[in-house]
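In what follows, a structure is listed as structure tokens, so that the remarks can point back to it.
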Amino acid sequence: MISLRHILAIVRKELLQLRRDRLTFGMIVMIPLIQLVLFGYAINTEVRHIPAAVVDQSNTGVSRALIQMVEATQVVRFEQRYITIEEAERAIVRADVRAALIIPADVSQRLVRNPAISGRFSPGGQDPTARPVAQWIADGSDTLVAGAIRSLRGMPLGELFREATNTPVPTFEVSLFYNPEQRTVVNIVPGLVGIILTMTMIMFTAAAIVRETERGNIEMLITTPIRPVELMIGKIIPFVGIGLIQVFIILGLGWALFSVTIAGSVWTLLVVTLLFILASLSLGLVISTFAKNQLQAMQMTVFILLPSILLSGFMFPYEGMPEGAQAIADLLPVTHFMRIIRGVVLRDAGIGDIVPDAVWLLGFSLLGLAVASLRFKKRLD
């Protein structure tokens, strides 16, 4: 017969154990809190203030008024000005901006001839000389960003004239680079490399030192001449190969199943992937020096994985987040790797285009390895 007294005794024991396990208790509170804050405050599918550039080949009062009207929509934020279209295209490759507005030298004549703005019609119903007044070139790999830029295609500019009418002639021509078909999978496949490596690399190494302690092997390691940094390096080297295998599987299947090809150099991709794997492994080692058991190591991994998925730009555009969320995202290695791998795979970015993010990953790896080694030494004492 089931004893209620026995059940209550077990319940009391579990509650006492939970109270002593402060990390687990903290996760119970923090995980729903973080989800609420991220989804309610940081995540925004309505992209605003997209960093953009201007190539003003007209440099007149009309072109400046056009720029001000576009920026007033708050869809884009003009951060750079370039002389040539080639400079703007390189800025998009480097991810300095996501789009560029090209204003032609004859913008004033185009404004007069565009019936959507001037109200001018030919006897046949549409002026055959009418053309879009300017052109957008944009990074089409992110469908949300591309959709925001395309929303400006029919932007009314009637304020520049007395009258505006609705006609099929668009205000802007929009050219989407790297993903003109707007296939979501093109953006997802490279991003999955970062998310899967984050999950597996941190999870594997987060339990590395903890597992040695639980099995009693740590005492044996103490008696050997192995230094903490040597132990840390030896722990992560096997997982580097595992990470490279995962990258090969993801990109290989992405090419075979979804026709997502690598536009850039495979060697560049290999170098930056190794940097990210090292950064993720060093983060996992740091976690392992804080966790007291493998359960806590897994809980800490989830604590890192959740913002990595939501804030890195994998699911939602980085540009659509508030500045506070962007500051948190910039602390995560996967955010920098997301920019790099999408640049190399989709935009044919070279080493020179990804130097800032690559240097950041290298610095994070060295710092994480140093912190893990120091904390491990303190635990030995």
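Residues in the structure tokens are numbered from 1 in each chain, the chains being A, B, ... in the order shown, and ligands are numbered from 1 in the order shown.
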Identify, on the basis of only C-alpha atoms, every residue whose closest approach to A:Leu331 does not exceed 12 Å; exclude the query and any residue fewer than 5 positions from it along the same chain; express the result as a PyMOL selection string. chain A and resi 279+283+304+307-308+311-312+324-326+336-337+357+360-361+363-364
Neighbouring residues of A:Trp255 were defined as those with any atom within 12 Å, considering only C-alpha atoms; residues of the same chain fewer than 5 positions away were excluded. Please report them as number ranges by chain. A: 185-186, 189-190, 248-250, 260-263, 345
From a DSSP calculation on the backbone, collect every residue of stretch 42-266 of chain A in strand (DSSP E or B) and output the set as a PyMOL selection string. chain A and resi 50-56+76-81+99-103+134-139+172-177
Would you save the residues from that selection as a PDB file, in the first residue's frame, using N, CA and C atoms?
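Output below, filename result-v6.pdb:
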ATOM      1  N   ILE A  50      18.251  49.644 -40.269  1.00  0.00           N
ATOM      2  CA  ILE A  50      19.236  48.796 -40.942  1.00  0.00           C
ATOM      3  C   ILE A  50      20.425  49.656 -41.350  1.00  0.00           C
ATOM      4  N   PRO A  51      21.651  49.280 -40.982  1.00  0.00           N
ATOM      5  CA  PRO A  51      22.812  50.081 -41.393  1.00  0.00           C
ATOM      6  C   PRO A  51      22.967  50.083 -42.910  1.00  0.00           C
ATOM      7  N   ALA A  52      23.016  51.261 -43.493  1.00  0.00           N
ATOM      8  CA  ALA A  52      23.053  51.390 -44.951  1.00  0.00           C
ATOM      9  C   ALA A  52      24.086  52.443 -45.346  1.00  0.00           C
ATOM     10  N   ALA A  53      24.377  52.458 -46.632  1.00  0.00           N
ATOM     11  CA  ALA A  53      25.328  53.419 -47.196  1.00  0.00           C
ATOM     12  C   ALA A  53      24.659  54.173 -48.340  1.00  0.00           C
ATOM     13  N   VAL A  54      25.271  55.284 -48.723  1.00  0.00           N
ATOM     14  CA  VAL A  54      24.776  56.106 -49.819  1.00  0.00           C
ATOM     15  C   VAL A  54      25.896  56.324 -50.822  1.00  0.00           C
ATOM     16  N   VAL A  55      25.564  56.150 -52.087  1.00  0.00           N
ATOM     17  CA  VAL A  55      26.446  56.565 -53.178  1.00  0.00           C
ATOM     18  C   VAL A  55      25.681  57.640 -53.942  1.00  0.00           C
ATOM     19  N   ASP A  56      25.974  58.895 -53.640  1.00  0.00           N
ATOM     20  CA  ASP A  56      25.256  60.030 -54.231  1.00  0.00           C
ATOM     21  C   ASP A  56      26.048  60.554 -55.425  1.00  0.00           C
ATOM     22  N   VAL A  76      15.969  52.326 -42.581  1.00  0.00           N
ATOM     23  CA  VAL A  76      17.421  52.279 -42.694  1.00  0.00           C
ATOM     24  C   VAL A  76      18.037  53.434 -41.913  1.00  0.00           C
ATOM     25  N   ARG A  77      19.314  53.268 -41.631  1.00  0.00           N
ATOM     26  CA  ARG A  77      20.101  54.328 -40.994  1.00  0.00           C
ATOM     27  C   ARG A  77      21.394  54.467 -41.793  1.00  0.00           C
ATOM     28  N   PHE A  78      21.562  55.593 -42.453  1.00  0.00           N
ATOM     29  CA  PHE A  78      22.728  55.782 -43.316  1.00  0.00           C
ATOM     30  C   PHE A  78      23.960  56.061 -42.447  1.00  0.00           C
ATOM     31  N   GLU A  79      24.903  55.131 -42.494  1.00  0.00           N
ATOM     32  CA  GLU A  79      26.108  55.229 -41.677  1.00  0.00           C
ATOM     33  C   GLU A  79      27.357  55.527 -42.484  1.00  0.00           C
ATOM     34  N   GLN A  80      27.332  55.244 -43.788  1.00  0.00           N
ATOM     35  CA  GLN A  80      28.515  55.427 -44.621  1.00  0.00           C
ATOM     36  C   GLN A  80      28.128  56.121 -45.919  1.00  0.00           C
ATOM     37  N   ARG A  81      29.103  56.842 -46.469  1.00  0.00           N
ATOM     38  CA  ARG A  81      28.955  57.441 -47.796  1.00  0.00           C
ATOM     39  C   ARG A  81      30.159  57.028 -48.635  1.00  0.00           C
ATOM     40  N   ALA A  99      22.900  47.377 -46.856  1.00  0.00           N
ATOM     41  CA  ALA A  99      22.314  47.846 -48.118  1.00  0.00           C
ATOM     42  C   ALA A  99      22.955  49.172 -48.489  1.00  0.00           C
ATOM     43  N   ALA A 100      22.783  49.561 -49.755  1.00  0.00           N
ATOM     44  CA  ALA A 100      23.319  50.835 -50.236  1.00  0.00           C
ATOM     45  C   ALA A 100      22.319  51.447 -51.209  1.00  0.00           C
ATOM     46  N   LEU A 101      22.107  52.747 -51.058  1.00  0.00           N
ATOM     47  CA  LEU A 101      21.227  53.498 -51.952  1.00  0.00           C
ATOM     48  C   LEU A 101      22.090  54.196 -52.996  1.00  0.00           C
ATOM     49  N   ILE A 102      21.862  53.858 -54.259  1.00  0.00           N
ATOM     50  CA  ILE A 102      22.618  54.439 -55.368  1.00  0.00           C
ATOM     51  C   ILE A 102      21.755  55.521 -56.010  1.00  0.00           C
ATOM     52  N   ILE A 103      22.162  56.766 -55.879  1.00  0.00           N
ATOM     53  CA  ILE A 103      21.418  57.892 -56.461  1.00  0.00           C
ATOM     54  C   ILE A 103      22.144  58.320 -57.731  1.00  0.00           C
ATOM     55  N   ALA A 134      16.038  55.894 -58.182  1.00  0.00           N
ATOM     56  CA  ALA A 134      17.309  55.449 -57.615  1.00  0.00           C
ATOM     57  C   ALA A 134      17.265  53.934 -57.469  1.00  0.00           C
ATOM     58  N   GLN A 135      18.369  53.375 -57.015  1.00  0.00           N
ATOM     59  CA  GLN A 135      18.474  51.921 -56.909  1.00  0.00           C
ATOM     60  C   GLN A 135      19.006  51.531 -55.525  1.00  0.00           C
ATOM     61  N   TRP A 136      18.431  50.479 -54.981  1.00  0.00           N
ATOM     62  CA  TRP A 136      18.942  49.846 -53.772  1.00  0.00           C
ATOM     63  C   TRP A 136      19.707  48.579 -54.153  1.00  0.00           C
ATOM     64  N   ILE A 137      20.875  48.399 -53.582  1.00  0.00           N
ATOM     65  CA  ILE A 137      21.543  47.096 -53.627  1.00  0.00           C
ATOM     66  C   ILE A 137      21.618  46.617 -52.180  1.00  0.00           C
ATOM     67  N   ALA A 138      21.272  45.362 -51.931  1.00  0.00           N
ATOM     68  CA  ALA A 138      21.129  44.898 -50.555  1.00  0.00           C
ATOM     69  C   ALA A 138      21.607  43.463 -50.418  1.00  0.00           C
ATOM     70  N   ASP A 139      21.994  43.125 -49.205  1.00  0.00           N
ATOM     71  CA  ASP A 139      22.342  41.748 -48.854  1.00  0.00           C
ATOM     72  C   ASP A 139      21.046  40.960 -48.717  1.00  0.00           C
ATOM     73  N   PHE A 172      11.883  53.059 -56.405  1.00  0.00           N
ATOM     74  CA  PHE A 172      13.247  52.545 -56.365  1.00  0.00           C
ATOM     75  C   PHE A 172      13.312  51.184 -57.037  1.00  0.00           C
ATOM     76  N   GLU A 173      14.432  50.935 -57.663  1.00  0.00           N
ATOM     77  CA  GLU A 173      14.753  49.587 -58.122  1.00  0.00           C
ATOM     78  C   GLU A 173      15.546  48.892 -57.023  1.00  0.00           C
ATOM     79  N   VAL A 174      15.241  47.628 -56.751  1.00  0.00           N
ATOM     80  CA  VAL A 174      15.888  46.880 -55.667  1.00  0.00           C
ATOM     81  C   VAL A 174      16.594  45.668 -56.252  1.00  0.00           C
ATOM     82  N   SER A 175      17.894  45.569 -56.004  1.00  0.00           N
ATOM     83  CA  SER A 175      18.683  44.412 -56.430  1.00  0.00           C
ATOM     84  C   SER A 175      19.178  43.688 -55.190  1.00  0.00           C
ATOM     85  N   LEU A 176      18.808  42.416 -55.057  1.00  0.00           N
ATOM     86  CA  LEU A 176      19.190  41.619 -53.906  1.00  0.00           C
ATOM     87  C   LEU A 176      20.361  40.721 -54.284  1.00  0.00           C
ATOM     88  N   PHE A 177      21.470  40.864 -53.562  1.00  0.00           N
ATOM     89  CA  PHE A 177      22.659  40.054 -53.807  1.00  0.00           C
ATOM     90  C   PHE A 177      22.612  38.781 -52.972  1.00  0.00           C
TER      91      PHE A 177
END
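Proximity to A:Glu46 was assessed for A:Ala146, A:Leu197, A:Leu310, A:Leu346 counting only C-alpha atoms; the smallest distance is recorded for A:Ala146.
The smallest atom-to-atom distance between A:Arg110 and any of A:Ile10, A:Val302, A:Val62, A:Val75, using only C-alpha atoms, is found for A:Val62.
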Distance in Å - atom CA of A:Ser58 versus atom CA of A:Arg150: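 Distance between the two atoms: 22.8 Å.
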Excluding same-chain residues fewer than 2 positions from A:Ile341, what lies within 12 Å of it counting only C-alpha atoms, as a VMD selection string? chain A and resid 93 to 95 187 to 195 247 251 262 to 266 268 to 276 314 334 to 339 343 to 351 353 to 354 357 to 358
Once you have the residues from the selection above, write them out as a short mmCIF file (atom, residue, chain, number, x, y, z; two decimals), in the first residue's frame, restricted to N, CA and C atoms.
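That gives us selection00.cif:
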data_model
loop_
_atom_site.label_atom_id
_atom_site.label_comp_id
_atom_site.auth_asym_id
_atom_site.auth_seq_id
_atom_site.Cartn_x
_atom_site.Cartn_y
_atom_site.Cartn_z
N VAL A 93 29.88 43.24 -48.53
CA VAL A 93 30.61 41.98 -48.34
C VAL A 93 31.22 41.91 -46.94
N ARG A 94 31.77 43.03 -46.46
CA ARG A 94 32.38 43.06 -45.13
C ARG A 94 31.36 43.12 -44.02
N ALA A 95 30.07 43.29 -44.39
CA ALA A 95 28.98 43.43 -43.42
C ALA A 95 29.08 44.74 -42.65
N ASN A 187 20.17 31.23 -45.76
CA ASN A 187 20.64 31.90 -44.55
C ASN A 187 20.74 30.95 -43.37
N ILE A 188 19.90 29.92 -43.36
CA ILE A 188 19.82 29.01 -42.21
C ILE A 188 21.00 28.05 -42.16
N VAL A 189 21.41 27.49 -43.29
CA VAL A 189 22.45 26.46 -43.29
C VAL A 189 23.77 26.94 -42.70
N PRO A 190 24.33 28.08 -43.14
CA PRO A 190 25.57 28.54 -42.48
C PRO A 190 25.36 28.86 -41.01
N GLY A 191 24.19 29.41 -40.67
CA GLY A 191 23.92 29.73 -39.28
C GLY A 191 23.86 28.50 -38.39
N LEU A 192 23.37 27.40 -38.95
CA LEU A 192 23.30 26.16 -38.17
C LEU A 192 24.68 25.67 -37.76
N VAL A 193 25.69 25.96 -38.57
CA VAL A 193 27.05 25.57 -38.20
C VAL A 193 27.42 26.20 -36.87
N GLY A 194 27.14 27.49 -36.72
CA GLY A 194 27.46 28.17 -35.47
C GLY A 194 26.66 27.67 -34.30
N ILE A 195 25.38 27.44 -34.49
CA ILE A 195 24.53 27.00 -33.37
C ILE A 195 24.88 25.58 -32.94
N VAL A 247 31.02 20.29 -39.05
CA VAL A 247 30.95 21.33 -40.08
C VAL A 247 30.87 20.69 -41.47
N LEU A 251 27.57 21.46 -43.91
CA LEU A 251 27.73 22.13 -45.20
C LEU A 251 27.60 21.15 -46.36
N ILE A 262 29.41 27.04 -51.26
CA ILE A 262 30.35 27.91 -50.57
C ILE A 262 30.93 28.88 -51.59
N ALA A 263 30.60 30.15 -51.48
CA ALA A 263 31.05 31.14 -52.45
C ALA A 263 32.50 31.54 -52.22
N GLY A 264 32.96 31.51 -50.97
CA GLY A 264 34.30 31.95 -50.64
C GLY A 264 35.32 30.83 -50.63
N SER A 265 36.48 31.12 -50.06
CA SER A 265 37.58 30.16 -50.00
C SER A 265 37.33 29.12 -48.91
N VAL A 266 37.54 27.86 -49.24
CA VAL A 266 37.39 26.79 -48.26
C VAL A 266 38.45 26.91 -47.17
N THR A 268 39.84 29.72 -46.06
CA THR A 268 39.42 30.79 -45.15
C THR A 268 38.36 30.28 -44.20
N LEU A 269 37.42 29.51 -44.73
CA LEU A 269 36.37 28.93 -43.89
C LEU A 269 36.96 28.00 -42.83
N LEU A 270 37.97 27.22 -43.21
CA LEU A 270 38.59 26.30 -42.26
C LEU A 270 39.27 27.05 -41.13
N VAL A 271 39.98 28.12 -41.45
CA VAL A 271 40.71 28.88 -40.43
C VAL A 271 39.75 29.51 -39.43
N VAL A 272 38.71 30.16 -39.93
CA VAL A 272 37.79 30.85 -39.02
C VAL A 272 36.96 29.85 -38.22
N THR A 273 36.67 28.70 -38.81
CA THR A 273 35.93 27.68 -38.07
C THR A 273 36.78 27.13 -36.92
N LEU A 274 38.07 26.95 -37.16
CA LEU A 274 38.96 26.51 -36.09
C LEU A 274 39.00 27.53 -34.96
N LEU A 275 39.02 28.81 -35.31
CA LEU A 275 39.01 29.85 -34.28
C LEU A 275 37.74 29.79 -33.44
N PHE A 276 36.61 29.59 -34.10
CA PHE A 276 35.35 29.52 -33.35
C PHE A 276 35.27 28.26 -32.50
N PHE A 314 20.99 34.43 -35.69
CA PHE A 314 20.61 33.19 -36.37
C PHE A 314 19.13 33.18 -36.73
N VAL A 334 29.47 33.14 -30.82
CA VAL A 334 28.69 32.73 -31.98
C VAL A 334 28.21 33.93 -32.79
N THR A 335 28.03 35.09 -32.17
CA THR A 335 27.61 36.28 -32.91
C THR A 335 28.67 36.67 -33.93
N HIS A 336 29.92 36.65 -33.51
CA HIS A 336 31.02 37.00 -34.42
C HIS A 336 31.20 35.93 -35.49
N PHE A 337 31.04 34.67 -35.11
CA PHE A 337 31.19 33.61 -36.09
C PHE A 337 30.04 33.63 -37.09
N MET A 338 28.85 34.01 -36.65
CA MET A 338 27.71 34.08 -37.56
C MET A 338 27.98 35.07 -38.69
N ARG A 339 28.57 36.21 -38.34
CA ARG A 339 28.92 37.18 -39.38
C ARG A 339 29.98 36.62 -40.32
N GLY A 343 29.47 35.53 -44.22
CA GLY A 343 30.25 36.32 -45.17
C GLY A 343 31.06 35.45 -46.11
N VAL A 344 31.69 34.41 -45.57
CA VAL A 344 32.53 33.54 -46.40
C VAL A 344 31.68 32.66 -47.31
N VAL A 345 30.65 32.02 -46.75
CA VAL A 345 29.84 31.07 -47.50
C VAL A 345 28.95 31.76 -48.52
N LEU A 346 28.36 32.88 -48.15
CA LEU A 346 27.36 33.50 -49.02
C LEU A 346 27.89 34.68 -49.82
N ARG A 347 28.82 35.47 -49.24
CA ARG A 347 29.23 36.72 -49.89
C ARG A 347 30.66 36.69 -50.41
N ASP A 348 31.34 35.56 -50.33
CA ASP A 348 32.71 35.44 -50.82
C ASP A 348 33.64 36.42 -50.10
N ALA A 349 33.46 36.56 -48.80
CA ALA A 349 34.32 37.44 -48.01
C ALA A 349 35.69 36.80 -47.85
N GLY A 350 36.74 37.62 -47.93
CA GLY A 350 38.10 37.14 -47.75
C GLY A 350 38.60 37.41 -46.34
N ILE A 351 39.84 37.05 -46.09
CA ILE A 351 40.44 37.25 -44.77
C ILE A 351 40.38 38.72 -44.37
N ASP A 353 38.27 40.91 -45.03
CA ASP A 353 36.92 41.38 -44.74
C ASP A 353 36.44 40.95 -43.35
N ILE A 354 37.09 39.94 -42.76
CA ILE A 354 36.58 39.37 -41.51
C ILE A 354 37.59 39.50 -40.37
N ASP A 357 36.30 40.37 -36.51
CA ASP A 357 35.63 39.27 -35.82
C ASP A 357 36.58 38.10 -35.59
N ALA A 358 37.49 37.84 -36.52
CA ALA A 358 38.44 36.75 -36.34
C ALA A 358 39.40 37.04 -35.19
#
